[in-house]
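Contents: one structure, followed by commentary.
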Amino acid sequence: MKNSLIVALFALFLCGGTAFAQVSTFEKSKKLTESEVPVAVVKSFQQDHGDLQDKGYWKLHYTEKIENGKTTFKPERYTYNAKKDGQKIVLTYSLDGVLEPTKDSSGSK
């Protein structure tokens, strides 16, 4: 009885590990140049926060999904990271250029 329980648990562990190995999703980010950011996002940024231009850098946040040996990438959002008057500012934009609300007021003018 004890041996069959150990074998069953081991088989369950192997099946779960195999399923995990077949589908894995990771959240990642990559630093971008302004020319790599979509025009809609850059225009929205320049319209609302043009005073921060050239004071920070852009990042793309995306998910990487590995399923059955095939890797796919899905963009999630863009952020502009800067410092102004000694304060860290992070502006988050959706893929279509809409400024997303922040938890604090550091992203407001």
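To be explicit about the labels: the chains of the structure tokens are called A, B, and onward in the order shown, and within each one the residues are counted from 1, while ligands get numbers from 1 in the order they are shown.
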
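Once Thr25 in chain A and its same-chain neighbours fewer than 3 positions away are set aside, Phe20, Ala21, Gln22, Lys28, Tyr62, Thr63, Glu64, Lys65, Ile66, Glu67, Lys70, Thr71, Thr72, Phe73 and Lys74 of chain A remain within 12 Å of it when counting only C-alpha atoms.
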
Using N, CA and C atoms, can you write the selected residues to a file as a PDB file, in the first residue's frame?
ATOM      1  N   PHE A  20       4.120  21.709 -16.937  1.00  0.00           N
ATOM      2  CA  PHE A  20       4.759  22.998 -16.694  1.00  0.00           C
ATOM      3  C   PHE A  20       5.835  23.268 -17.740  1.00  0.00           C
ATOM      4  N   ALA A  21       6.549  22.230 -18.120  1.00  0.00           N
ATOM      5  CA  ALA A  21       7.626  22.402 -19.091  1.00  0.00           C
ATOM      6  C   ALA A  21       7.067  22.755 -20.477  1.00  0.00           C
ATOM      7  N   GLN A  22       5.846  22.344 -20.769  1.00  0.00           N
ATOM      8  CA  GLN A  22       5.275  22.594 -22.081  1.00  0.00           C
ATOM      9  C   GLN A  22       4.718  24.011 -22.217  1.00  0.00           C
ATOM     10  N   LYS A  28       8.658  40.059 -18.920  1.00  0.00           N
ATOM     11  CA  LYS A  28       9.988  40.619 -19.128  1.00  0.00           C
ATOM     12  C   LYS A  28       9.867  42.073 -19.565  1.00  0.00           C
ATOM     13  N   TYR A  62       6.592  43.037 -21.706  1.00  0.00           N
ATOM     14  CA  TYR A  62       5.947  42.033 -22.540  1.00  0.00           C
ATOM     15  C   TYR A  62       5.947  40.683 -21.833  1.00  0.00           C
ATOM     16  N   THR A  63       5.125  39.787 -22.339  1.00  0.00           N
ATOM     17  CA  THR A  63       5.131  38.409 -21.843  1.00  0.00           C
ATOM     18  C   THR A  63       5.748  37.520 -22.912  1.00  0.00           C
ATOM     19  N   GLU A  64       6.495  36.570 -22.447  1.00  0.00           N
ATOM     20  CA  GLU A  64       7.113  35.566 -23.312  1.00  0.00           C
ATOM     21  C   GLU A  64       6.498  34.232 -22.929  1.00  0.00           C
ATOM     22  N   LYS A  65       5.877  33.589 -23.893  1.00  0.00           N
ATOM     23  CA  LYS A  65       5.206  32.321 -23.631  1.00  0.00           C
ATOM     24  C   LYS A  65       5.883  31.225 -24.430  1.00  0.00           C
ATOM     25  N   ILE A  66       6.274  30.164 -23.739  1.00  0.00           N
ATOM     26  CA  ILE A  66       6.900  29.016 -24.387  1.00  0.00           C
ATOM     27  C   ILE A  66       5.919  27.855 -24.274  1.00  0.00           C
ATOM     28  N   GLU A  67       5.465  27.390 -25.425  1.00  0.00           N
ATOM     29  CA  GLU A  67       4.493  26.307 -25.453  1.00  0.00           C
ATOM     30  C   GLU A  67       4.908  25.296 -26.504  1.00  0.00           C
ATOM     31  N   LYS A  70       7.664  26.303 -28.847  1.00  0.00           N
ATOM     32  CA  LYS A  70       7.456  27.507 -29.657  1.00  0.00           C
ATOM     33  C   LYS A  70       7.351  28.719 -28.718  1.00  0.00           C
ATOM     34  N   THR A  71       8.111  29.769 -29.019  1.00  0.00           N
ATOM     35  CA  THR A  71       8.115  30.967 -28.191  1.00  0.00           C
ATOM     36  C   THR A  71       7.331  32.074 -28.877  1.00  0.00           C
ATOM     37  N   THR A  72       6.404  32.696 -28.132  1.00  0.00           N
ATOM     38  CA  THR A  72       5.658  33.839 -28.642  1.00  0.00           C
ATOM     39  C   THR A  72       5.833  35.011 -27.682  1.00  0.00           C
ATOM     40  N   PHE A  73       5.808  36.219 -28.221  1.00  0.00           N
ATOM     41  CA  PHE A  73       5.962  37.432 -27.437  1.00  0.00           C
ATOM     42  C   PHE A  73       4.697  38.268 -27.580  1.00  0.00           C
ATOM     43  N   LYS A  74       4.228  38.845 -26.462  1.00  0.00           N
ATOM     44  CA  LYS A  74       3.041  39.696 -26.500  1.00  0.00           C
ATOM     45  C   LYS A  74       3.351  40.988 -25.752  1.00  0.00           C
TER      46      LYS A  74
END

Show me, as a PDB file with C-alpha atoms, in the first residue's frame, the residues that have an atom within 12 Å of Val37 in chain A when counting only C-alpha atoms, minus same-chain residues fewer than 3 positions from it.
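That gives us result.pdb:
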ATOM      1  CA  LYS A  30      13.389  45.592 -22.649  1.00  0.00           C
ATOM      2  CA  LYS A  31      14.908  49.046 -22.906  1.00  0.00           C
ATOM      3  CA  LEU A  32      13.978  50.824 -26.154  1.00  0.00           C
ATOM      4  CA  THR A  33      15.064  53.849 -28.128  1.00  0.00           C
ATOM      5  CA  GLU A  34      12.364  56.418 -28.874  1.00  0.00           C
ATOM      6  CA  ALA A  40       0.770  56.907 -30.885  1.00  0.00           C
ATOM      7  CA  VAL A  41       2.618  56.382 -27.598  1.00  0.00           C
ATOM      8  CA  VAL A  42       5.318  58.966 -28.399  1.00  0.00           C
ATOM      9  CA  LYS A  43       2.736  61.564 -29.502  1.00  0.00           C
ATOM     10  CA  SER A  44       0.731  61.116 -26.323  1.00  0.00           C
ATOM     11  CA  PHE A  45       3.896  61.433 -24.237  1.00  0.00           C
ATOM     12  CA  TYR A  57      14.324  56.149 -21.223  1.00  0.00           C
ATOM     13  CA  TRP A  58      11.588  53.917 -22.652  1.00  0.00           C
ATOM     14  CA  LYS A  59      10.888  50.305 -21.704  1.00  0.00           C
ATOM     15  CA  LEU A  60       8.638  47.721 -23.309  1.00  0.00           C
ATOM     16  CA  HIS A  61       6.993  45.284 -20.909  1.00  0.00           C
ATOM     17  CA  PRO A  75       3.598  43.405 -25.764  1.00  0.00           C
ATOM     18  CA  ARG A  77       2.640  48.224 -22.008  1.00  0.00           C
ATOM     19  CA  TYR A  78       5.291  50.913 -22.438  1.00  0.00           C
ATOM     20  CA  THR A  79       6.845  52.930 -19.638  1.00  0.00           C
ATOM     21  CA  TYR A  80       8.886  56.111 -19.667  1.00  0.00           C
ATOM     22  CA  TYR A  93       1.158  53.868 -21.552  1.00  0.00           C
ATOM     23  CA  SER A  94      -1.117  51.267 -23.093  1.00  0.00           C
ATOM     24  CA  LEU A  95      -0.247  49.850 -26.499  1.00  0.00           C
ATOM     25  CA  ASP A  96      -2.443  52.442 -28.225  1.00  0.00           C
ATOM     26  CA  GLY A  97      -0.912  55.435 -26.417  1.00  0.00           C
TER      27      GLY A  97
END

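Between CA of Ser29 in chain A and CA of Val98 in chain A there is a distance of 18.9 Å.
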
Report as an mmCIF file with C-alpha atoms, in the first residue's frame all protein, DNA and RNA residues lying within 7 Å of Gly56 in chain A, evaluated on only C-alpha atoms, omitting residues in the same chain fewer than 3 positions from it.
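So the final result, stored in part_3.cif, reads:
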data_model
loop_
_atom_site.group_PDB
_atom_site.id
_atom_site.type_symbol
_atom_site.label_atom_id
_atom_site.label_comp_id
_atom_site.auth_asym_id
_atom_site.auth_seq_id
_atom_site.Cartn_x
_atom_site.Cartn_y
_atom_site.Cartn_z
ATOM 1 C CA GLN A 53 11.787 64.307 -23.186
ATOM 2 C CA TYR A 80 8.886 56.111 -19.667
ATOM 3 C CA ASN A 81 11.267 56.303 -16.716
ATOM 4 C CA ALA A 82 12.822 59.646 -15.788
ATOM 5 C CA LYS A 83 13.970 61.862 -12.947
#

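Interatomic distance, CA of Glu76 in chain A against CA of His49 in chain A: 21.2 Å.
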